[in-house]
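*Asks:* Sharing a structure here in C-alpha cells format.
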Amino acid sequence: MTVHFIGAGPGSPDLITLRGLRLIERCPVCLYAGSLVPEEIVRAAPEGARVLDTAPMHLDEIVEEMRRAHEAGLDVARVHSGDPSIYGATAEQMRRLDRLGIPFDVTPGVPAFAAAAAALKLELTVPEVCQTVVVTRTAMKSSAMPEGEDLATLAKSRATLAIHLSIRNLAHIERELSPLPGYGPDCPVVVAYRVGWPDELFIHGTLATIGRQVREAKLTRTALVLVGRALAAEDFRDSALYDAAHPHILRPHAKRAKAG
C-alpha cells in the first residue's frame, strides 16, 4: 500500500489537481494539514474513511498513522497545502517512510506564489526587467537559513522574491533590501494573505510602506510577501516568443516574413 503526498493548492478547493482529488476520493485514510487545507477538499474522501487533521499532531504521531494504515493494507492520502516541495515539511516524513519500507509518491499542487500572481494578473518574469523568481523565507523561530541564503545575497540577482513565512519579519526585509540595487525603498511589494480563501486579501505597497500597511491591516500569519520591479512593470519590451521577426523551430520563416 502507498502513502500519497498531495498538494492541495493554496486554498481554493477547485485549485487541486484532478490526480490529487481522485487519490483523496479513493484513499480509506486521509491525513490533512487542517490549518491550511480547506475541509471541503477532504470531504471528497470515501464514506467511512479515517480522516484526521494533523495540525495538532507531531511527526511521530503522523508517521504512526501511516504505519498502521500500511500494516492494514490501506492507502493514505497525505494532503498538504500548496505544493509539497515548498515548505511542506514532507522531507522528514518521506525519510521516515523510507526507513520503514513504506512506499510513497508525490502529486504536485499549485504553489501560493503562482496562485497570487494569477489573482493579481501578473507575470513575475517580465522581459528585460526580471527573468528569475526566488522562492525563499527568512529566519525567525523556525530553523536557521543556510549560509549564503540570506536575503542580501539572494537579492544580488535582482529577482522577483517570493518570501514565505515572513509576514512578521517585514522590518528585516525592508532593512535588507532597501539599500540594494534593483530594489530600493520605492520597490513594489505585494503582501498576499490567504490566497484562494474567501477572505483573500492583497496589500500593495513599497519596501518603505508595507510594514505600516500590514500592521494597520493586523495581519500576522498565512501571508506571502512578493518583492520586485516586475510587480509594477509597464514600459517593457515584448517577449521574443511571439515576435513575428523571431524564428524558432515551429516558426522557421519569421525573418523572411519580416523582410516581405
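Following the order of the C-alpha cells, first chain is A, next is B, and so on, with residues numbered from 1 inside each chain and ligands from 1 in the order they appear.
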Tell me, counting only C-alpha atoms, for each residue of segment 167-244 of chain A within 8 Å of segment 118-141 of chain A, which pair of atoms is nearest and how far apart they are in Å to one decimal, in rows ordered by chain and increasing number, as JSON lines.
*Replies:*
{"residue": "A:Asn169", "atom": "CA", "partner": "A:Thr138", "partner_atom": "CA", "distance": 7.4}
{"residue": "A:Arg229", "atom": "CA", "partner": "A:Val129", "partner_atom": "CA", "distance": 7.0}
{"residue": "A:Ala230", "atom": "CA", "partner": "A:Leu124", "partner_atom": "CA", "distance": 5.8}
{"residue": "A:Leu231", "atom": "CA", "partner": "A:Leu124", "partner_atom": "CA", "distance": 6.7}
{"residue": "A:Ala233", "atom": "CA", "partner": "A:Val129", "partner_atom": "CA", "distance": 7.5}
{"residue": "A:Phe236", "atom": "CA", "partner": "A:Pro127", "partner_atom": "CA", "distance": 6.5}
{"residue": "A:Arg237", "atom": "CA", "partner": "A:Pro127", "partner_atom": "CA", "distance": 6.2}
{"residue": "A:Asp238", "atom": "CA", "partner": "A:Pro127", "partner_atom": "CA", "distance": 6.9}
{"residue": "A:Ser239", "atom": "CA", "partner": "A:Pro127", "partner_atom": "CA", "distance": 5.9}
*Asks:* Which residues of segment 64-178 of chain A come within 10 Å of segment 39-58 of chain A, and for each one, what is the closest pair of atoms and their distance in Å to one decimal, counting only C-alpha atoms, sorted by chain and residue number, as CSV?
*Replies:*
residue,atom,partner,partner_atom,distance
A:Glu65,CA,A:Leu52,CA,9.4
A:Ala69,CA,A:Arg50,CA,9.7
A:Val76,CA,A:Arg50,CA,9.4
A:Ala77,CA,A:Ala45,CA,8.9
A:Arg78,CA,A:Thr54,CA,9.5
A:Val79,CA,A:Val42,CA,8.3
A:His80,CA,A:Thr54,CA,9.9
*Asks:* Could you take the residues named above and write them with N, CA and C atoms, as a compact mmCIF listing (two decimals), in the first residue's frame?
*Replies:*
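Wrote it out as again_28.txt, contents follow:
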# COMPACT_ATOMS: atom_id res chain seq x y z
N GLU A 65 0.38 6.89 12.21
CA GLU A 65 -0.88 6.68 11.48
C GLU A 65 -0.61 6.05 10.12
N ALA A 69 -1.79 2.26 8.86
CA ALA A 69 -2.54 2.10 7.63
C ALA A 69 -1.84 1.12 6.70
N VAL A 76 -2.98 5.80 1.89
CA VAL A 76 -3.11 7.03 2.67
C VAL A 76 -3.00 8.24 1.75
N ALA A 77 -3.95 9.17 1.86
CA ALA A 77 -3.83 10.48 1.21
C ALA A 77 -3.27 11.44 2.25
N ARG A 78 -2.04 11.87 2.04
CA ARG A 78 -1.40 12.83 2.95
C ARG A 78 -1.47 14.20 2.29
N VAL A 79 -2.41 15.02 2.71
CA VAL A 79 -2.76 16.24 1.99
C VAL A 79 -2.10 17.46 2.63
N HIS A 80 -1.28 18.13 1.84
CA HIS A 80 -0.59 19.35 2.27
C HIS A 80 -1.09 20.54 1.46
*Asks:* Can you pull out the residues contacting Ile16 of chain A? Cut-off 8 Å, using only C-alpha atoms, and skip same-chain residues under 5 positions away; I want them as a list of chain:residue names.
*Replies:*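 Contacts, with the query itself left out: A:Gly7, A:Ala8, A:Gly9, A:Leu21, A:Gly109, A:Val110.
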*Asks:* Take the residues that were just selected and, keeping N, CA, C and O atoms, output them as a PDB file, in the first residue's frame.
*Replies:*
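Saved the output as out-v3.pdb:
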ATOM      1  N   GLY A   7      -0.444  17.796  -3.046  1.00  0.00           N
ATOM      2  CA  GLY A   7      -0.528  19.245  -2.909  1.00  0.00           C
ATOM      3  C   GLY A   7      -1.944  19.707  -3.182  1.00  0.00           C
ATOM      4  O   GLY A   7      -2.469  19.492  -4.274  1.00  0.00           O
ATOM      5  N   ALA A   8      -2.565  20.322  -2.185  1.00  0.00           N
ATOM      6  CA  ALA A   8      -3.968  20.721  -2.312  1.00  0.00           C
ATOM      7  C   ALA A   8      -4.135  22.124  -2.870  1.00  0.00           C
ATOM      8  O   ALA A   8      -5.257  22.603  -3.024  1.00  0.00           O
ATOM      9  N   GLY A   9      -3.018  22.809  -3.178  1.00  0.00           N
ATOM     10  CA  GLY A   9      -3.123  24.183  -3.651  1.00  0.00           C
ATOM     11  C   GLY A   9      -3.190  25.160  -2.489  1.00  0.00           C
ATOM     12  O   GLY A   9      -3.133  24.775  -1.318  1.00  0.00           O
ATOM     13  N   LEU A  21      -7.263  15.026  -6.396  1.00  0.00           N
ATOM     14  CA  LEU A  21      -8.642  14.827  -5.947  1.00  0.00           C
ATOM     15  C   LEU A  21      -9.047  13.363  -6.067  1.00  0.00           C
ATOM     16  O   LEU A  21      -9.686  12.804  -5.165  1.00  0.00           O
ATOM     17  N   GLY A 109       1.091  20.362  -6.423  1.00  0.00           N
ATOM     18  CA  GLY A 109      -0.050  21.267  -6.277  1.00  0.00           C
ATOM     19  C   GLY A 109       0.319  22.672  -6.711  1.00  0.00           C
ATOM     20  O   GLY A 109       1.477  22.967  -7.012  1.00  0.00           O
ATOM     21  N   VAL A 110      -0.649  23.552  -6.741  1.00  0.00           N
ATOM     22  CA  VAL A 110      -0.414  24.950  -7.123  1.00  0.00           C
ATOM     23  C   VAL A 110       0.243  25.685  -5.952  1.00  0.00           C
ATOM     24  O   VAL A 110      -0.340  25.760  -4.864  1.00  0.00           O
TER      25      VAL A 110
END
*Asks:* Would you mind listing what lies within 10 Å of Val191 of chain A as a ChimeraX atom specification, with only C-alpha atoms counted and same-chain residues fewer than 6 positions away left out?
*Replies:* /A:116,162-163,167,201-205,210-211,213-214,219,223-227
*Asks:* For Thr206 of chain A, please output as a PDB file with C-alpha atoms, in the first residue's frame all residues within 6 Å (counting only C-alpha atoms; exclusion window: fewer than 2 positions along the same chain).
*Replies:*
ATOM      1  CA  ASP A 186      10.310  52.504  -3.596  1.00  0.00           C
ATOM      2  CA  CYS A 187      10.457  48.892  -4.803  1.00  0.00           C
ATOM      3  CA  PRO A 188       6.955  47.410  -5.233  1.00  0.00           C
ATOM      4  CA  VAL A 189       5.761  44.908  -2.632  1.00  0.00           C
ATOM      5  CA  ALA A 208       9.216  51.744   2.701  1.00  0.00           C
ATOM      6  CA  THR A 209       5.459  51.490   3.368  1.00  0.00           C
ATOM      7  CA  ILE A 210       4.467  47.840   3.559  1.00  0.00           C
TER       8      ILE A 210
END
*Asks:* One decimal, in Å: what's the spacing between atom CA of Gly228 of chain A and atom CA of Val190 of chain A?
*Replies:*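 Distance between the two atoms: 9.1 Å.
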*Asks:* From a DSSP pass on the backbone, collect the residues of segment 25-239 of chain A flagged as helix (DSSP H, G or I) and hand them back as a ChimeraX atom specification.
*Replies:* /A:25-26,39-42,59-71,91-100,112-120,151-157,167-177,210-217,229-232
*Asks:* Looking only at strand (DSSP E or B) from DSSP on the backbone, list the matching residues of segment 3-244 of chain A as a PyMOL selection string.
*Replies:* chain A and resi 3-7+9+29-32+50-53+76-80+82+104-107+126+130+133-137+160-164+188-193+201-206+223-227
*Asks:* For atom CA of Phe113 of chain A and atom CA of Gly11 of chain A, determine how far apart the two atoms are, in Å to one decimal place.
*Replies:*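 Between atom CA of Phe113 of chain A and atom CA of Gly11 of chain A the gap is 12.2 Å.
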*Asks:* Pick out the closest residue to Glu176 of chain A from this set: A:Glu200, A:Glu216, A:Asp150, A:Glu25. Count only C-alpha atoms.
*Replies:*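 The shortest atom-to-atom distance to Glu176 of chain A comes from A:Asp150.
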*Asks:* Quick one: distance from atom CA of Val195 of chain A to atom CA of Ser12 of chain A in Å, one decimal?
*Replies:*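 Rounded to one decimal, the two atoms are 7.9 Å apart.
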*Asks:* Nearest to Arg212 of chain A: which of A:Leu74, A:Ala91, A:Leu154, A:Ala171 is it, counting only C-alpha atoms?
*Replies:*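 The shortest atom-to-atom distance to Arg212 of chain A comes from A:Ala171.
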